[in-house]
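So the structure is just underneath, and the comments pick up after that.
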There are 4 protein chains.
Amino acid sequence: MTRKPKIKAGILGATGTVGQRFVQMLENHPYFEVTALAASDRSAGRPYVEAVRWKIGEGPPAYARDMLVQECRPGLDCEIVFSGLPSDVAGPTEEEFARAGYKVFSNASSHRMDPDVPLVIPEVNPDHLAMVEQQRRMRKWSGFIVTNPNCSTIHLVLALKPLQDAFGLRKVMVTTLQAVSGAGYPGESAMDLIDNVVPFIAKEEAKIESESRKLLGSLRDGRFVDADIVLSAACNRVATQDGHMECVSVELGRPASLEEVAAALREFRARPQELELPTAPCRPVVLRTEPDRPQPRLDRLAERGMATVVGRLRPCPILHYKFVALGHNTIRGAAGASILNAELMYAEGML
Amino acid sequence: MTRKPKIKAGILGATGTVGQRFVQMLENHPYFEVTALAASDRSAGRPYVEAVRWKIGEGPPAYARDMLVQECRPGLDCEIVFSGLPSDVAGPTEEEFARAGYKVFSNASSHRMDPDVPLVIPEVNPDHLAMVEQQRRMRKWSGFIVTNPNCSTIHLVLALKPLQDAFGLRKVMVTTLQAVSGAGYPGESAMDLIDNVVPFIAKEEAKIESESRKLLGSLRDGRFVDADIVLSAACNRVATQDGHMECVSVELGRPASLEEVAAALREFRARPQELELPTAPCRPVVLRTEPDRPQPRLDRLAERGMATVVGRLRPCPILHYKFVALGHNTIRGAAGASILNAELMYAEGML
Amino acid sequence: MTRKPKIKAGILGATGTVGQRFVQMLENHPYFEVTALAASDRSAGRPYVEAVRWKIGEGPPAYARDMLVQECRPGLDCEIVFSGLPSDVAGPTEEEFARAGYKVFSNASSHRMDPDVPLVIPEVNPDHLAMVEQQRRMRKWSGFIVTNPNCSTIHLVLALKPLQDAFGLRKVMVTTLQAVSGAGYPGESAMDLIDNVVPFIAKEEAKIESESRKLLGSLRDGRFVDADIVLSAACNRVATQDGHMECVSVELGRPASLEEVAAALREFRARPQELELPTAPCRPVVLRTEPDRPQPRLDRLAERGMATVVGRLRPCPILHYKFVALGHNTIRGAAGASILNAELMYAEGML
Amino acid sequence: MTRKPKIKAGILGATGTVGQRFVQMLENHPYFEVTALAASDRSAGRPYVEAVRWKIGEGPPAYARDMLVQECRPGLDCEIVFSGLPSDVAGPTEEEFARAGYKVFSNASSHRMDPDVPLVIPEVNPDHLAMVEQQRRMRKWSGFIVTNPNCSTIHLVLALKPLQDAFGLRKVMVTTLQAVSGAGYPGESAMDLIDNVVPFIAKEEAKIESESRKLLGSLRDGRFVDADIVLSAACNRVATQDGHMECVSVELGRPASLEEVAAALREFRARPQELELPTAPCRPVVLRTEPDRPQPRLDRLAERGMATVVGRLRPCPILHYKFVALGHNTIRGAAGASILNAELMYAEGML
């Protein structure tokens, strides 16, 4: 097959925690070539290596070190943009880019619940991407905005989707133990996390509950219809660097044996696996059977950080089954999610 | 009122994590005087200060430093014993003491679920203590064994009891985030808790589920009858030193408003408060209304570590209400629980 | 003896990390009565309990909860002020107060090295307080400023003073492992301290080196003369909540046996101990002989957080001796240091 | 060039912390092929994946999973063995293997200071390997033992060697902040490292002081002659998972400017770099110039964990210069050190 030329990509919020992951994961990407890094005005005009406080290893990849950081305004030399902007500025900035013709893949929460914006996990609801046409038409945009969910929602929904497909799904209780990188940098104070847990993350519980219903819902007659599932979330911040852990109980739509449930999780494959997208995990859900797994430090990099690792599957005396789900919050839970959305649209010829 | 003479007390397992709390909390106790410290044969014969690896501050209180550690065998010069023995040796040792006439207040799990052994939280089921007469008669013991629950069970049940009393209680889902001191010393490896969470604590989930039903149940016709409540527990070990946190959802027996539920928790008082027992908290349940409390580091010492702190009370979309409960696991959750049981029996004239 | 009436005291920066310790330590103080709490304009006008994010336990003491926070400007109803202001604002604000007649006991670094401002540890250089008369005269202030050292300097110098007195002191190498509360709140990011050490604390090494020389120096002919000691400091931030640890090597002025050095440390007593000042430790230096002490979690509250705990005293192959020193950084290392200075001046009739 | 066939290698102590790194680092190794895994009798006979508690990621590499663990006794089908045995059993076991003809590359401390056993860092003292001939002759062994230093010694000496070469070296003061993986599994208790530092590691200070002198010394007339350098070490265990940090002060043999010292470190290359050994770092010493580096979490994987990262180079008021050195303790500090020794002997035709 003849190779398509790479698509030029920009990164908005390139100096932030999610932005750094975009820079890292897009190194030598087969579809996309990073041609623009943009961040706050304070960073603009400086070489990336100087503007960034790199927090995920020794330092930025060679390709990005000397690129000059630009302002987050249309005019960037690229066709698509990945947005790791903080929510308070993402909304209008991303709209501005979409209006100017850029295809925006956003990790920000601002537009996730918009009625004409796809909120997509490629393994879960790739069909929702069809909404972009309506979005462009209605908003008179030459570009578009596609979003991915919140970091804790993604891993929950990846674990739920095989169950919904196989058995139906009625109720989901989830208690999270989330890593500090999920709050960005500087994020949480060390004083709050040494010998401590903070049982509160602003807006997180509502995001999990509403985003999950949209993701597991359907696109019917040009409208997103929420899944008819009741969710209840309780969110905690714990002293882990990366990797959100979630204790989940589910009530299925019909009775199923433990082995059926395990098989559904273990054998789950979807469109990104068929298409062998470059960033896609071979197994979107990795099922472990040891009594004490998954653990953040050991399992967050499963499938290069793109899988949801599930373990401790067992009956729940109140709902049907309970289990522990874990996934990397800034790889599959953020930058990798946006990139996989872009890869899917690229592979499906939608870019 | 004339002061009764103090009762002589021994501590079994005095060098362990729970034993150290016994030694600390019984300093200058108005009812009990520590006259014997006993531990493993390895420690026996040595001054306490040399035998112990003191892990809860600078060092043991002056009264205990030079006491010679004895073997855990009857013959100790005391009338009651507090047992902080590990479960694998507690069973037969405690029986031996009870047979020899000692009144045993045990924190070990060995006898908690025995049909003739009271498992008691003084604020919850003080009437269960009546079972000791039957126990002595049936087992032909001159002494007896009274137990207190597991560290995570205690704080859960203290938060549930006011709700059961006021509204009835049908279902309880709980996910715990437990401190490392709950595993004793050395307990968990640092390698497992730095930048990590372990989603498994052996036998803990079963203990929470079964002990809670016994505690919230009744003593009828000389038998313990479990409460008709369904519980589902998921237990995690996190990087906190002290203080178990629990995310709880409950289904009540009848509808109740948030304010009614809050009032039931806030106003809960019971027998230890009436009797003003020396170790009893003024408020067994402390209700906080800030969005991000309780937190282990800040709240575990509420009421000198003897209270359960509840916060984030809010509706649960699946059951009725959810909240976060927190309490000190080696004070109210272990040594303090045994001591409060002994204080109650003392004050009720049962010793 | 007839009791003098209590002196009215204000706290500047009352909502900060050090301010909270002032509020806590001045509860029921025998000499001082807190009559004013002042903080940033953002906090001014609000009840203290609402303005503060209390980080050292359940919540502020009852006396302070409902006091209205005022602005940090003269006009406060008090005679002395304790300043926990951040360095960037402390300088001019403290001068303004001194000019207006307040006696300022400052924990800020702004004026510590001023040639007419005493930098005092009561056990080390109480005679330096005499400088306040000259300060008032020269600056034409009716009040004055007295400062205490940086949190890491205090514990180092408390350990050095007995050695200087007994043997003379020529060289001091020190590597610190400092707790996060030393950076205030929010201070360090949790991302930087989970599974990590930061080998840098801005300006800290220079403070240790220069402040120590002033403290161990003399007041001669109306001028502070630095001690003739060479210091070399290397500072690290580690994942402890409270308690700065310091690995120290010293070259003495004359040979001394290990036992002589141990005795000098162990037997050290000074003016605050003679005067039995309310906040003074019985033993300013606590010497431990176990191989693995002091440790922050176990020893930081020695003598209610007012002592420096020294351990692992042993020969140094390069200088003469090495040891580990540890002390609480927000008690003896900050608020307690200012309070002890005020207590000393009160007891000496200098207030 | 024609490829030599791979040499068969066994791993002793294959289930331990260092053993796991051997298993990981020898996957697809160009010189060596792992043909035997040996561990304690308890593990023997079981597939590796079941015998091991894998602590460095998801699980062991595919090649090792189903290999049956054997006992640590000669008879293993291999020519060389890598030993990650704990010190208490390493001594006699390694001798037994050497006597039986195996070439032993040991990470254990047992034989490091033996007068006829090379203690080698390939960049530092490759010539010491010549001693193996004498060792074989004297001990009448058909095999031999070559050792590498302690994890904290290696990174210290890698940073010192360029200075010794360029300027001479007289005195070295070092204070370490060491990671928990250095103590093996389970090693340190989580109770000792959460919100804490332990200022003591058994025998570590003596190892650093004596091993460094042997490594930086010479092999003259068939004898190892220690370098004439005075070292003073103070060792601490901190709450990091991997990566030992060391605060170092040095007195050089002759005056040198900061830039000269920086250049010596930055430009250091040695025999493994010339030979382009497969595990060798391109830069054995990586010099960073930011004010707050190196940091364990960010820098321990520099050069795939095989480099020593140096930063904060600055004058020392007492000795000449001070700096911070950091390196991975189980990669370059243990398994990688043994492997690099074996690679060097292979490349030099000594195997």
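In the structure tokens, the first chain shown is A, the next is B, and so on; residue numbers restart at 1 for each chain, and ligands run from 1 in the order shown.
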Checklist entry - Near chain C, which residues of chain D fall within 10 Å when you count only C-alpha atoms, and what do they look like as a VMD selection string? => result chain D and resid 171 to 177 179 191 to 202 209 230 to 236 238 to 249 291 to 298 311 to 312 315 to 319 322 to 324
Item to check | Within 12 Å of Arg139 (chain C) using only C-alpha atoms, minus same-chain residues under 2 positions, as a ChimeraX atom specification | outcome: /C:95-96,98-101,115-117,132-137,141-145
What does the file look like for those residues with N, CA, C and O atoms, as a PDB file, in the first residue's frame?
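Once everything was written out, this is again-v4.pdb:
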ATOM      1  N   GLU C  95       8.405  46.214  59.424  1.00  0.00           N
ATOM      2  CA  GLU C  95       8.962  47.539  59.755  1.00  0.00           C
ATOM      3  C   GLU C  95       7.865  48.511  60.142  1.00  0.00           C
ATOM      4  O   GLU C  95       7.990  49.279  61.089  1.00  0.00           O
ATOM      5  N   GLU C  96       6.777  48.447  59.374  1.00  0.00           N
ATOM      6  CA  GLU C  96       5.661  49.342  59.652  1.00  0.00           C
ATOM      7  C   GLU C  96       5.131  49.118  61.070  1.00  0.00           C
ATOM      8  O   GLU C  96       4.809  50.069  61.799  1.00  0.00           O
ATOM      9  N   ALA C  98       6.812  47.802  63.634  1.00  0.00           N
ATOM     10  CA  ALA C  98       7.806  48.212  64.633  1.00  0.00           C
ATOM     11  C   ALA C  98       7.792  49.724  64.795  1.00  0.00           C
ATOM     12  O   ALA C  98       7.869  50.258  65.906  1.00  0.00           O
ATOM     13  N   ARG C  99       7.666  50.403  63.667  1.00  0.00           N
ATOM     14  CA  ARG C  99       7.629  51.857  63.699  1.00  0.00           C
ATOM     15  C   ARG C  99       6.420  52.331  64.505  1.00  0.00           C
ATOM     16  O   ARG C  99       6.494  53.307  65.259  1.00  0.00           O
ATOM     17  N   ALA C 100       5.319  51.622  64.369  1.00  0.00           N
ATOM     18  CA  ALA C 100       4.092  52.005  65.060  1.00  0.00           C
ATOM     19  C   ALA C 100       4.091  51.559  66.521  1.00  0.00           C
ATOM     20  O   ALA C 100       3.088  51.696  67.209  1.00  0.00           O
ATOM     21  N   GLY C 101       5.197  50.987  66.970  1.00  0.00           N
ATOM     22  CA  GLY C 101       5.296  50.684  68.395  1.00  0.00           C
ATOM     23  C   GLY C 101       5.101  49.229  68.772  1.00  0.00           C
ATOM     24  O   GLY C 101       5.215  48.868  69.945  1.00  0.00           O
ATOM     25  N   PRO C 115      22.045  44.274  60.306  1.00  0.00           N
ATOM     26  CA  PRO C 115      23.093  44.436  61.328  1.00  0.00           C
ATOM     27  C   PRO C 115      22.571  44.893  62.687  1.00  0.00           C
ATOM     28  O   PRO C 115      23.282  44.785  63.678  1.00  0.00           O
ATOM     29  N   ASP C 116      21.327  45.405  62.735  1.00  0.00           N
ATOM     30  CA  ASP C 116      20.811  45.846  64.030  1.00  0.00           C
ATOM     31  C   ASP C 116      19.602  45.033  64.480  1.00  0.00           C
ATOM     32  O   ASP C 116      18.881  45.433  65.398  1.00  0.00           O
ATOM     33  N   VAL C 117      19.389  43.891  63.838  1.00  0.00           N
ATOM     34  CA  VAL C 117      18.253  43.051  64.218  1.00  0.00           C
ATOM     35  C   VAL C 117      18.777  41.753  64.855  1.00  0.00           C
ATOM     36  O   VAL C 117      19.541  41.024  64.223  1.00  0.00           O
ATOM     37  N   VAL C 132      18.299  45.246  70.587  1.00  0.00           N
ATOM     38  CA  VAL C 132      17.041  45.954  70.277  1.00  0.00           C
ATOM     39  C   VAL C 132      17.070  47.410  70.706  1.00  0.00           C
ATOM     40  O   VAL C 132      16.470  48.269  70.057  1.00  0.00           O
ATOM     41  N   GLU C 133      17.789  47.714  71.778  1.00  0.00           N
ATOM     42  CA  GLU C 133      17.828  49.113  72.227  1.00  0.00           C
ATOM     43  C   GLU C 133      18.460  49.989  71.159  1.00  0.00           C
ATOM     44  O   GLU C 133      17.960  51.067  70.819  1.00  0.00           O
ATOM     45  N   GLN C 134      19.591  49.517  70.648  1.00  0.00           N
ATOM     46  CA  GLN C 134      20.268  50.242  69.572  1.00  0.00           C
ATOM     47  C   GLN C 134      19.369  50.351  68.331  1.00  0.00           C
ATOM     48  O   GLN C 134      19.266  51.415  67.709  1.00  0.00           O
ATOM     49  N   GLN C 135      18.697  49.251  68.036  1.00  0.00           N
ATOM     50  CA  GLN C 135      17.794  49.244  66.875  1.00  0.00           C
ATOM     51  C   GLN C 135      16.722  50.321  67.007  1.00  0.00           C
ATOM     52  O   GLN C 135      16.448  51.076  66.068  1.00  0.00           O
ATOM     53  N   ARG C 136      16.104  50.390  68.157  1.00  0.00           N
ATOM     54  CA  ARG C 136      15.038  51.373  68.383  1.00  0.00           C
ATOM     55  C   ARG C 136      15.587  52.796  68.281  1.00  0.00           C
ATOM     56  O   ARG C 136      14.933  53.679  67.726  1.00  0.00           O
ATOM     57  N   ARG C 137      16.759  52.956  68.830  1.00  0.00           N
ATOM     58  CA  ARG C 137      17.348  54.289  68.848  1.00  0.00           C
ATOM     59  C   ARG C 137      17.690  54.732  67.429  1.00  0.00           C
ATOM     60  O   ARG C 137      17.323  55.813  66.981  1.00  0.00           O
ATOM     61  N   TRP C 141      12.331  53.827  66.298  1.00  0.00           N
ATOM     62  CA  TRP C 141      11.110  53.039  66.406  1.00  0.00           C
ATOM     63  C   TRP C 141      10.711  52.944  67.875  1.00  0.00           C
ATOM     64  O   TRP C 141      11.565  52.784  68.749  1.00  0.00           O
ATOM     65  N   SER C 142       9.419  53.010  68.124  1.00  0.00           N
ATOM     66  CA  SER C 142       8.979  52.747  69.494  1.00  0.00           C
ATOM     67  C   SER C 142       8.848  51.239  69.712  1.00  0.00           C
ATOM     68  O   SER C 142       8.937  50.771  70.838  1.00  0.00           O
ATOM     69  N   GLY C 143       8.648  50.508  68.661  1.00  0.00           N
ATOM     70  CA  GLY C 143       8.648  49.037  68.769  1.00  0.00           C
ATOM     71  C   GLY C 143      10.003  48.473  68.368  1.00  0.00           C
ATOM     72  O   GLY C 143      11.000  49.197  68.349  1.00  0.00           O
ATOM     73  N   PHE C 144      10.049  47.214  68.013  1.00  0.00           N
ATOM     74  CA  PHE C 144      11.303  46.613  67.544  1.00  0.00           C
ATOM     75  C   PHE C 144      11.013  45.324  66.778  1.00  0.00           C
ATOM     76  O   PHE C 144       9.873  44.839  66.770  1.00  0.00           O
ATOM     77  N   ILE C 145      12.054  44.813  66.156  1.00  0.00           N
ATOM     78  CA  ILE C 145      11.960  43.519  65.470  1.00  0.00           C
ATOM     79  C   ILE C 145      13.015  42.572  66.037  1.00  0.00           C
ATOM     80  O   ILE C 145      14.199  42.929  66.101  1.00  0.00           O
TER      81      ILE C 145
END
Next on the checklist: I want to know what sits within 9 Å of Ala51 (chain B), based on only C-alpha atoms, with residues of the same chain fewer than 5 positions away left out; could you give that as a ChimeraX atom specification?
Outcome noted: /B:15,42-46,69
Could you take the residues named above and write them with C-alpha atoms, as a PDB file, in the first residue's frame?
ATOM      1  CA  THR B  15       5.346  -5.588  71.825  1.00  0.00           C
ATOM      2  CA  ARG B  42      11.802 -14.297  72.163  1.00  0.00           C
ATOM      3  CA  SER B  43      10.924 -11.156  74.102  1.00  0.00           C
ATOM      4  CA  ALA B  44      10.277 -12.824  77.439  1.00  0.00           C
ATOM      5  CA  GLY B  45      12.684 -11.970  80.209  1.00  0.00           C
ATOM      6  CA  ARG B  46      13.782  -8.672  78.732  1.00  0.00           C
ATOM      7  CA  VAL B  69       8.224  -9.008  79.502  1.00  0.00           C
TER       8      VAL B  69
END
Next on the checklist: Give me, as an MDAnalysis selection string, all polymer residues having an atom no more than 10 Å from Glu259 (chain B), counting only C-alpha atoms and skipping those fewer than 5 positions away in the same chain.
Outcome noted: chainID B and resid 264:265 313
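Selecting strand (DSSP E) from the backbone DSSP output for region 46-183 of chain A yields Val69, Gln70, Glu71, Ile80, Val81, Phe82, Ser83, Lys103, Val104, Phe105, Ser106, Phe144, Ile145, Val146, Thr147, Leu169, Arg170, Lys171, Val172, Met173, Val174, Thr175, Thr176, Leu177 and Gln178 of chain A.
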Next on the checklist: Give me the residues near region 122-129 of chain C as JSON, numbers by chain, where near means some atom within 8 Å (using only C-alpha atoms) and where sequence neighbours in that chain fewer than 4 positions away do not count.
Outcome noted: {"C": [118, 146, 157, 158, 161, 215, 216, 218, 219, 224, 269, 270, 271, 272, 284, 340, 341, 344]}
Next on the checklist: I need the residues of region 48-293 of chain B that end up classed as helix (DSSP H, G or I) by DSSP on the backbone, written out as a ChimeraX atom specification.
Outcome noted: /B:48-51,62-65,87-99,126-139,151-167,180-183,190-193,204-215,258-266,271-274
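CA of Val286 (chain C) lies 14.0 Å from CA of Leu163 (chain C).
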Item to check | All residues 9 Å or closer to region 22-38 of chain A, only C-alpha atoms, same chain fewer than 3 positions away omitted, as a PyMOL selection string | outcome: chain A and resi 4-15+18-19+41+43-44+48+60-64+67-73+76-78+80-84+278-279+331+334-336+338-339+343+346
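Across B:Gly182, B:Gly59, B:Gly327, B:Pro74, the tightest approach to Thr17 (chain B) is made by B:Gly182 when counting only C-alpha atoms.
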Item to check | All residues 8 Å or closer to Ser110 (chain C), only C-alpha atoms, same chain fewer than 4 positions away omitted, as a list in words | outcome: Ser87, Asp88, Ala90 and Gly91 of chain C
Please write the residues from the selection above to a file, keeping C-alpha atoms, as a PDB file, in the first residue's frame.
ATOM      1  CA  SER C  87       9.293  36.661  53.029  1.00  0.00           C
ATOM      2  CA  ASP C  88       8.104  38.618  50.038  1.00  0.00           C
ATOM      3  CA  ALA C  90       7.280  40.425  55.600  1.00  0.00           C
ATOM      4  CA  GLY C  91      10.014  43.043  55.203  1.00  0.00           C
TER       5      GLY C  91
END
